[in-house]
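Asker: Supplied structure: target-v9.cif, mmCIF, C-alpha atoms and all ligand atoms.
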```cif
data_target
loop_
_atom_site.label_atom_id
_atom_site.label_comp_id
_atom_site.auth_asym_id
_atom_site.auth_seq_id
_atom_site.Cartn_x
_atom_site.Cartn_y
_atom_site.Cartn_z
CA MET A 6 -40.90 -81.97 -167.39
CA LYS A 7 -44.00 -83.35 -169.05
CA THR A 8 -44.71 -84.23 -172.68
CA ILE A 9 -48.20 -83.53 -173.97
CA HIS A 10 -49.38 -85.02 -177.27
CA SER A 11 -53.12 -84.34 -176.97
CA LEU A 12 -54.48 -81.00 -178.23
CA LYS A 13 -57.20 -80.95 -175.59
CA GLU A 14 -54.74 -81.65 -172.77
CA MET A 15 -52.56 -78.79 -173.99
CA GLN A 16 -55.49 -76.38 -173.91
CA GLU A 17 -56.48 -77.57 -170.43
CA TYR A 18 -52.93 -77.11 -169.15
CA THR A 19 -52.78 -73.41 -170.06
CA ALA A 20 -56.36 -72.80 -168.90
CA LEU A 21 -55.30 -74.08 -165.48
CA GLN A 22 -52.11 -72.00 -165.44
CA ARG A 23 -54.02 -68.88 -166.42
CA ALA A 24 -56.69 -69.56 -163.78
CA GLU A 25 -53.87 -69.64 -161.20
CA GLY A 26 -52.54 -66.31 -162.48
CA LYS A 27 -49.44 -67.83 -164.10
CA THR A 28 -47.92 -66.57 -167.35
CA VAL A 29 -47.06 -68.97 -170.16
CA GLY A 30 -44.27 -68.57 -172.71
CA LEU A 31 -44.26 -70.63 -175.91
CA VAL A 32 -41.18 -71.54 -177.95
CA PRO A 33 -42.46 -73.01 -181.24
CA THR A 34 -39.93 -75.34 -182.89
CA MET A 35 -39.71 -78.17 -185.37
CA GLY A 36 -37.23 -79.98 -183.12
CA ALA A 37 -33.55 -80.68 -183.93
CA LEU A 38 -32.84 -78.23 -181.14
CA HIS A 39 -29.56 -76.29 -181.13
CA GLU A 40 -28.13 -73.37 -179.15
CA GLY A 41 -30.37 -70.96 -181.06
CA HIS A 42 -33.51 -72.71 -179.80
CA LEU A 43 -32.03 -73.02 -176.31
CA SER A 44 -31.50 -69.25 -176.20
CA LEU A 45 -35.23 -68.83 -176.93
CA ILE A 46 -36.09 -71.24 -174.09
CA HIS A 47 -33.76 -69.32 -171.74
CA ALA A 48 -35.45 -66.03 -172.69
CA ALA A 49 -38.89 -67.58 -172.15
CA ARG A 50 -37.78 -69.00 -168.79
CA LYS A 51 -36.75 -65.55 -167.57
CA GLU A 52 -40.00 -63.87 -168.54
CA ASN A 53 -42.72 -66.43 -167.77
CA ASP A 54 -43.92 -68.70 -164.98
CA ARG A 55 -44.35 -71.66 -167.35
CA VAL A 56 -42.46 -72.51 -170.52
CA VAL A 57 -43.94 -74.67 -173.28
CA VAL A 58 -41.72 -75.86 -176.14
CA SER A 59 -43.67 -77.17 -179.10
CA ILE A 60 -42.00 -79.72 -181.35
CA PHE A 61 -43.85 -80.34 -184.59
CA VAL A 62 -42.40 -80.76 -188.08
CA ASN A 63 -45.11 -78.87 -189.89
CA PRO A 64 -45.88 -80.41 -193.30
CA THR A 65 -47.73 -77.36 -194.65
CA GLN A 66 -44.66 -75.14 -194.70
CA PHE A 67 -42.53 -77.47 -196.86
CA GLY A 68 -42.64 -77.27 -200.65
CA VAL A 69 -42.84 -80.41 -202.80
CA ASN A 70 -39.10 -80.62 -203.43
CA GLU A 71 -38.08 -79.59 -199.94
CA ASP A 72 -36.67 -81.61 -197.04
CA PHE A 73 -39.81 -82.60 -195.07
CA ASP A 74 -38.99 -86.34 -195.08
CA GLN A 75 -35.33 -85.77 -194.40
CA TYR A 76 -35.86 -83.19 -191.62
CA PRO A 77 -34.11 -84.45 -188.44
CA ARG A 78 -36.47 -85.89 -185.80
CA ASP A 79 -35.23 -86.97 -182.36
CA LEU A 80 -37.80 -86.29 -179.66
CA GLU A 81 -35.77 -87.93 -176.88
CA THR A 82 -32.65 -85.81 -177.37
CA ASP A 83 -34.72 -82.67 -177.93
CA SER A 84 -36.70 -83.30 -174.72
CA LYS A 85 -33.50 -83.61 -172.67
CA LEU A 86 -32.09 -80.41 -174.15
CA ALA A 87 -35.33 -78.51 -173.64
CA GLU A 88 -35.64 -79.68 -170.04
CA LYS A 89 -32.07 -78.63 -169.27
CA ALA A 90 -32.74 -75.21 -170.78
CA GLY A 91 -35.76 -74.74 -168.50
CA ALA A 92 -38.86 -76.03 -170.34
CA ASP A 93 -41.82 -77.25 -168.25
CA ILE A 94 -43.78 -78.85 -171.08
CA ILE A 95 -42.97 -80.35 -174.47
CA PHE A 96 -45.99 -80.09 -176.71
CA ASN A 97 -45.64 -82.69 -179.44
CA PRO A 98 -48.91 -82.97 -181.34
CA GLU A 99 -49.51 -85.49 -184.11
CA ALA A 100 -49.96 -84.42 -187.74
CA LYS A 101 -53.30 -86.24 -187.97
CA ASP A 102 -54.64 -84.17 -185.07
CA MET A 103 -53.19 -80.86 -186.30
CA TYR A 104 -54.43 -81.46 -189.85
CA PRO A 105 -57.45 -83.76 -189.80
CA THR A 106 -58.59 -84.81 -193.27
CA ASP A 107 -61.59 -82.49 -193.13
CA ILE A 108 -59.58 -79.32 -192.42
CA SER A 109 -60.81 -76.59 -194.74
CA THR A 110 -59.31 -73.32 -193.46
CA SER A 111 -56.15 -71.77 -194.82
CA ILE A 112 -54.34 -68.49 -194.28
CA LYS A 113 -53.07 -66.39 -197.17
CA MET A 114 -50.42 -63.95 -196.05
CA GLY A 115 -50.12 -60.77 -198.14
CA SER A 116 -47.23 -58.57 -199.22
CA ILE A 117 -45.08 -59.23 -196.13
CA ALA A 118 -44.65 -62.81 -197.38
CA GLU A 119 -43.96 -61.99 -201.02
CA GLY A 120 -40.30 -60.87 -201.09
CA LEU A 121 -37.13 -62.52 -199.79
CA CYS A 122 -37.74 -66.25 -199.08
CA GLY A 123 -41.42 -65.93 -200.02
CA ARG A 124 -40.46 -65.38 -203.68
CA TYR A 125 -38.66 -68.73 -203.81
CA ARG A 126 -40.82 -70.74 -201.42
CA PRO A 127 -44.42 -70.19 -202.56
CA GLY A 128 -46.93 -71.00 -199.82
CA HIS A 129 -44.23 -71.43 -197.19
CA PHE A 130 -45.32 -68.52 -195.01
CA ASP A 131 -49.01 -69.43 -195.39
CA GLY A 132 -48.03 -72.81 -193.90
CA VAL A 133 -46.07 -71.15 -191.09
CA ALA A 134 -49.00 -68.80 -190.39
CA ILE A 135 -51.60 -71.57 -190.11
CA VAL A 136 -49.49 -73.75 -187.82
CA VAL A 137 -48.43 -70.85 -185.58
CA ASN A 138 -52.05 -69.72 -185.42
CA LYS A 139 -53.09 -73.22 -184.35
CA LEU A 140 -50.25 -73.41 -181.81
CA PHE A 141 -51.35 -70.07 -180.36
CA ASN A 142 -54.93 -71.36 -180.05
CA LEU A 143 -53.78 -74.61 -178.45
CA VAL A 144 -51.13 -73.25 -176.08
CA ASN A 145 -52.70 -69.81 -175.58
CA PRO A 146 -49.40 -68.26 -174.46
CA HIS A 147 -48.84 -64.77 -173.12
CA ARG A 148 -45.59 -64.55 -175.11
CA ALA A 149 -44.07 -66.47 -178.01
CA TYR A 150 -40.37 -66.57 -178.88
CA PHE A 151 -38.84 -66.68 -182.36
CA GLY A 152 -35.28 -66.41 -183.67
CA GLN A 153 -34.21 -63.38 -185.68
CA LYS A 154 -32.42 -65.69 -188.12
CA ASP A 155 -35.84 -66.30 -189.68
CA ALA A 156 -36.37 -62.55 -189.96
CA GLN A 157 -39.20 -62.73 -192.48
CA GLN A 158 -40.99 -65.37 -190.42
CA VAL A 159 -40.93 -63.03 -187.41
CA GLN A 160 -42.46 -60.19 -189.44
CA VAL A 161 -45.07 -62.50 -190.99
CA ILE A 162 -46.13 -63.63 -187.52
CA ARG A 163 -46.19 -60.07 -186.17
CA GLN A 164 -48.39 -59.09 -189.11
CA MET A 165 -50.75 -62.03 -188.53
CA VAL A 166 -51.02 -61.25 -184.81
CA GLN A 167 -51.83 -57.62 -185.61
CA ASP A 168 -54.28 -58.42 -188.42
CA LEU A 169 -56.17 -61.06 -186.43
CA ASN A 170 -56.11 -59.11 -183.13
CA MET A 171 -54.36 -61.94 -181.31
CA GLU A 172 -53.38 -61.34 -177.70
CA VAL A 173 -49.87 -62.70 -177.70
CA GLU A 174 -46.62 -60.78 -177.42
CA ILE A 175 -44.09 -61.74 -180.10
CA VAL A 176 -40.52 -61.74 -178.83
CA SER A 177 -37.70 -61.87 -181.35
CA CYS A 178 -34.33 -63.10 -180.04
CA PRO A 179 -30.86 -62.47 -181.52
CA ILE A 180 -29.19 -64.89 -183.93
CA ILE A 181 -26.83 -67.33 -182.19
CA ARG A 182 -23.69 -68.03 -184.20
CA GLU A 183 -20.95 -70.66 -184.23
CA SER A 184 -17.45 -69.39 -183.34
CA ASP A 185 -16.71 -68.73 -187.05
CA GLY A 186 -19.92 -66.74 -187.48
CA LEU A 187 -22.17 -69.35 -189.10
CA ALA A 188 -25.75 -68.82 -187.90
CA MET A 189 -27.03 -71.85 -186.01
CA SER A 190 -29.63 -73.80 -187.94
CA SER A 191 -31.09 -77.30 -187.80
CA ARG A 192 -30.10 -77.61 -191.47
CA ASN A 193 -26.36 -77.09 -190.80
CA ILE A 194 -26.09 -80.83 -190.11
CA TYR A 195 -26.74 -81.50 -193.80
CA LEU A 196 -23.40 -79.81 -194.72
CA SER A 197 -20.33 -81.87 -195.60
CA GLU A 198 -17.03 -80.80 -194.06
CA ASP A 199 -16.06 -78.75 -197.13
CA GLU A 200 -19.51 -77.19 -197.38
CA ARG A 201 -19.43 -76.33 -193.69
CA ASP A 202 -16.12 -74.58 -194.31
CA SER A 203 -17.60 -72.55 -197.18
CA ALA A 204 -20.65 -71.63 -195.09
CA ARG A 205 -18.49 -69.24 -193.02
CA LEU A 206 -18.61 -66.86 -195.97
CA LEU A 207 -22.27 -65.97 -195.39
CA ASN A 208 -21.57 -64.14 -192.16
CA GLN A 209 -18.30 -62.72 -193.46
CA ALA A 210 -20.13 -61.22 -196.43
CA LEU A 211 -22.80 -59.73 -194.15
CA GLU A 212 -20.12 -58.20 -191.92
CA GLU A 213 -18.40 -56.70 -194.99
CA GLY A 214 -21.79 -55.24 -195.81
CA ARG A 215 -22.06 -53.72 -192.34
CA THR A 216 -18.62 -52.08 -192.75
CA PHE A 217 -19.65 -50.72 -196.17
CA ILE A 218 -22.75 -49.08 -194.64
CA GLU A 219 -20.86 -47.77 -191.59
CA LYS A 220 -18.42 -46.06 -193.99
CA GLY A 221 -21.36 -43.99 -195.23
CA HIS A 222 -22.03 -45.52 -198.65
CA ARG A 223 -25.56 -44.82 -199.87
CA ASP A 224 -26.20 -47.12 -202.81
CA PRO A 225 -27.92 -50.46 -202.01
CA GLU A 226 -27.07 -51.87 -205.45
CA GLU A 227 -23.35 -51.29 -204.86
CA LEU A 228 -23.70 -53.08 -201.52
CA ARG A 229 -25.55 -55.99 -203.13
CA GLN A 230 -22.83 -56.37 -205.75
CA LEU A 231 -20.09 -56.28 -203.11
CA ILE A 232 -21.76 -59.11 -201.18
CA GLN A 233 -22.51 -61.08 -204.34
CA LYS A 234 -18.86 -60.86 -205.42
CA LEU A 235 -17.70 -62.13 -202.04
CA LEU A 236 -20.11 -65.05 -202.04
CA GLN A 237 -19.36 -65.93 -205.66
CA SER A 238 -15.65 -66.13 -204.86
CA ASP A 239 -16.46 -69.64 -203.57
CA PRO A 240 -17.78 -71.94 -206.32
CA ARG A 241 -19.61 -74.08 -203.73
CA LEU A 242 -22.01 -71.21 -203.02
CA GLN A 243 -25.02 -70.54 -205.27
CA VAL A 244 -26.64 -67.25 -204.32
CA GLN A 245 -30.44 -67.32 -204.37
CA TYR A 246 -30.99 -63.74 -203.21
CA ILE A 247 -29.30 -60.81 -201.50
CA GLU A 248 -31.81 -58.18 -200.38
CA ILE A 249 -31.29 -54.83 -198.71
CA VAL A 250 -34.54 -53.98 -196.91
CA HIS A 251 -36.11 -52.16 -193.99
CA PRO A 252 -36.07 -54.64 -191.06
CA SER A 253 -39.77 -54.17 -190.19
CA THR A 254 -41.51 -53.63 -193.51
CA LEU A 255 -39.04 -55.81 -195.49
CA GLN A 256 -39.41 -53.32 -198.34
CA PRO A 257 -36.29 -52.76 -200.51
CA LEU A 258 -34.39 -49.57 -199.61
CA GLN A 259 -33.70 -46.88 -202.19
CA PHE A 260 -30.81 -45.52 -200.08
CA LEU A 261 -28.68 -47.06 -197.37
CA GLN A 262 -30.38 -45.23 -194.53
CA LYS A 263 -30.41 -47.05 -191.18
CA PRO A 264 -32.03 -49.21 -189.96
CA VAL A 265 -30.95 -51.56 -192.73
CA MET A 266 -31.39 -55.31 -192.93
CA ILE A 267 -29.20 -57.31 -195.29
CA ALA A 268 -30.79 -60.71 -195.87
CA LEU A 269 -29.54 -63.52 -198.04
CA ALA A 270 -30.23 -67.09 -199.08
CA VAL A 271 -27.57 -69.34 -200.51
CA HIS A 272 -27.46 -72.95 -201.68
CA ILE A 273 -24.42 -74.96 -200.67
CA GLY A 274 -24.72 -78.29 -202.42
CA LYS A 275 -28.23 -79.52 -201.60
CA THR A 276 -28.57 -77.34 -198.50
CA ARG A 277 -30.26 -73.96 -198.50
CA LEU A 278 -29.07 -71.55 -195.80
CA ILE A 279 -30.40 -68.12 -194.88
CA ASP A 280 -28.81 -65.39 -192.79
CA ASN A 281 -29.23 -61.68 -192.10
CA ILE A 282 -27.92 -58.74 -190.12
CA ILE A 283 -29.60 -55.55 -189.01
CA ILE A 284 -27.58 -52.34 -188.95
CA GLU A 285 -29.41 -50.23 -186.40
CA GLU A 286 -29.76 -46.45 -186.36
O1 LIG B 1 -39.10 -71.68 -187.16
C1 LIG B 1 -39.60 -72.83 -187.10
O2 LIG B 1 -39.01 -73.77 -186.58
C2 LIG B 1 -40.97 -73.07 -187.71
O3 LIG B 1 -41.14 -72.33 -188.87
C3 LIG B 1 -42.11 -72.83 -186.71
C4 LIG B 1 -42.20 -71.39 -186.28
C5 LIG B 1 -41.95 -73.74 -185.51
C6 LIG B 1 -43.45 -73.18 -187.38
O4 LIG B 1 -43.49 -74.52 -187.79
#
```
Now that the file is in, can you turn its structure into structure tokens?
Answerer:
Amino acid sequence: MKTIHSLKEMQEYTALQRAEGKTVGLVPTMGALHEGHLSLIHAARKENDRVVVSIFVNPTQFGVNEDFDQYPRDLETDSKLAEKAGADIIFNPEAKDMYPTDISTSIKMGSIAEGLCGRYRPGHFDGVAIVVNKLFNLVNPHRAYFGQKDAQQVQVIRQMVQDLNMEVEIVSCPIIRESDGLAMSSRNIYLSEDERDSARLLNQALEEGRTFIEKGHRDPEELRQLIQKLLQSDPRLQVQYIEIVHPSTLQPLQFLQKPVMIALAVHIGKTRLIDNIIIEE
């Protein structure tokens, strides 16, 4: 496996692969790889001749009081994990090359980025959109793989690809969970033992929500209150939002008519966790 830091070298790599008729799959990450990322690499490995894993902690998607400085960085461990999972290339660009001082272009995502996390993290999805756009231009993949845990991110990227007529297939892969249901996330390592214990409740609450819908209830507000009550039963959890939306448009539902996505964000101590489930038709 090879590590590429240079933007030009990355572009030349894919140009060569494409000239030889090979397909390229990209798994964009910020590092701190866990089983969730590895499942994306496995999916990319199955569907492409070459697999590129990008590792770049993107400054433009962090708000001023967020964890950019604290975000875990360990290129050596990540490279070993990525190689074992089937990556051919680690693309690890430098911030000064990705964002030279004279950069002047930005992306402003519209309504798809306004609800859910977008309401509480202003500018976050604009930052995701610009970096993913740049990664697509640098890696020029046939397919790109994202985790369904970041459900709004997936829809934002799909929207950008559609709006800007980009020729890349977006593949969304299922959430990978710990044995007690906690969705895997690079931020789980911030949790203390007690907080980690409380974090189980997120998935439990979502599963209660699924049961409520499967029983035929129709009122999203009743569902929201049920989940809120469950989460509030643990004083360590501070609910930021619980939203009941259509999984593609992310618009709030008037009735519980499938497909339904229940998405939530919760603070546990200093850590913010998100999770969601989709109840399919
Ligand atoms: O999901 C992530 O890790 C990041 O938001 C992404 C897509 C790599 C962009 O920085």
Asker: Leaving out A:Ala92 and any residue of its chain fewer than 6 positions from it, which residues lie within 8 Å of it when counting all atoms listed in the file, given as a list in words?
Answerer: Met6, Ile46, Arg50, Arg55, Val56, Val57 and Val58 of chain A
Asker: Can you tell me which residues sit at most 6 Å away from ligand LIG 1 (chain B), counting only C-alpha atoms and all ligand atoms, written as JSON, numbers by chain?
Answerer: {"A": [33, 34, 35, 63, 133, 137]}
Asker: Considering all atoms listed in the file, can you say which of A:Val32, A:Glu81, A:Met15, A:His272 comes closest to A:Arg148?
Answerer: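 That would be A:Val32, the residue with the smallest distance to A:Arg148.
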Asker: List the neighbours of stretch 242-258 of chain A out to 7 Å using all atoms listed in the file; skip same-chain residues closer than 5 positions along the sequence, and give me the result as a short mmCIF file (atom, residue, chain, number, x, y, z; two decimals) with C-alpha atoms, in the coordinates of the input.
Answerer:
```
data_model
loop_
_atom_site.label_atom_id
_atom_site.label_comp_id
_atom_site.auth_asym_id
_atom_site.auth_seq_id
_atom_site.Cartn_x
_atom_site.Cartn_y
_atom_site.Cartn_z
CA ILE A 117 -45.08 -59.23 -196.13
CA LEU A 121 -37.13 -62.52 -199.79
CA GLN A 160 -42.46 -60.19 -189.44
CA PRO A 225 -27.92 -50.46 -202.01
CA ARG A 229 -25.55 -55.99 -203.13
CA LEU A 236 -20.11 -65.05 -202.04
CA GLN A 237 -19.36 -65.93 -205.66
CA PRO A 264 -32.03 -49.21 -189.96
CA VAL A 265 -30.95 -51.56 -192.73
CA MET A 266 -31.39 -55.31 -192.93
CA ILE A 267 -29.20 -57.31 -195.29
CA ALA A 268 -30.79 -60.71 -195.87
CA LEU A 269 -29.54 -63.52 -198.04
CA ALA A 270 -30.23 -67.09 -199.08
CA VAL A 271 -27.57 -69.34 -200.51
CA HIS A 272 -27.46 -72.95 -201.68
CA ILE A 273 -24.42 -74.96 -200.67
CA ILE A 283 -29.60 -55.55 -189.01
#
```
Asker: When distances are computed from all atoms listed in the file, which of A:Ala149, A:Leu12, A:Ala156, A:Ile112 shows the smallest separation from A:Ala48?
Answerer: A:Ala149
Asker: Near stretch 71-79 of chain A, counting all atoms listed in the file, which residues have an atom at most 12 Å away, once you skip same-chain residues fewer than 4 positions from it, shown as number ranges by chain?
Answerer: A: 34-39, 60-67, 83-86, 97, 125-127, 129, 190-195, 275-277
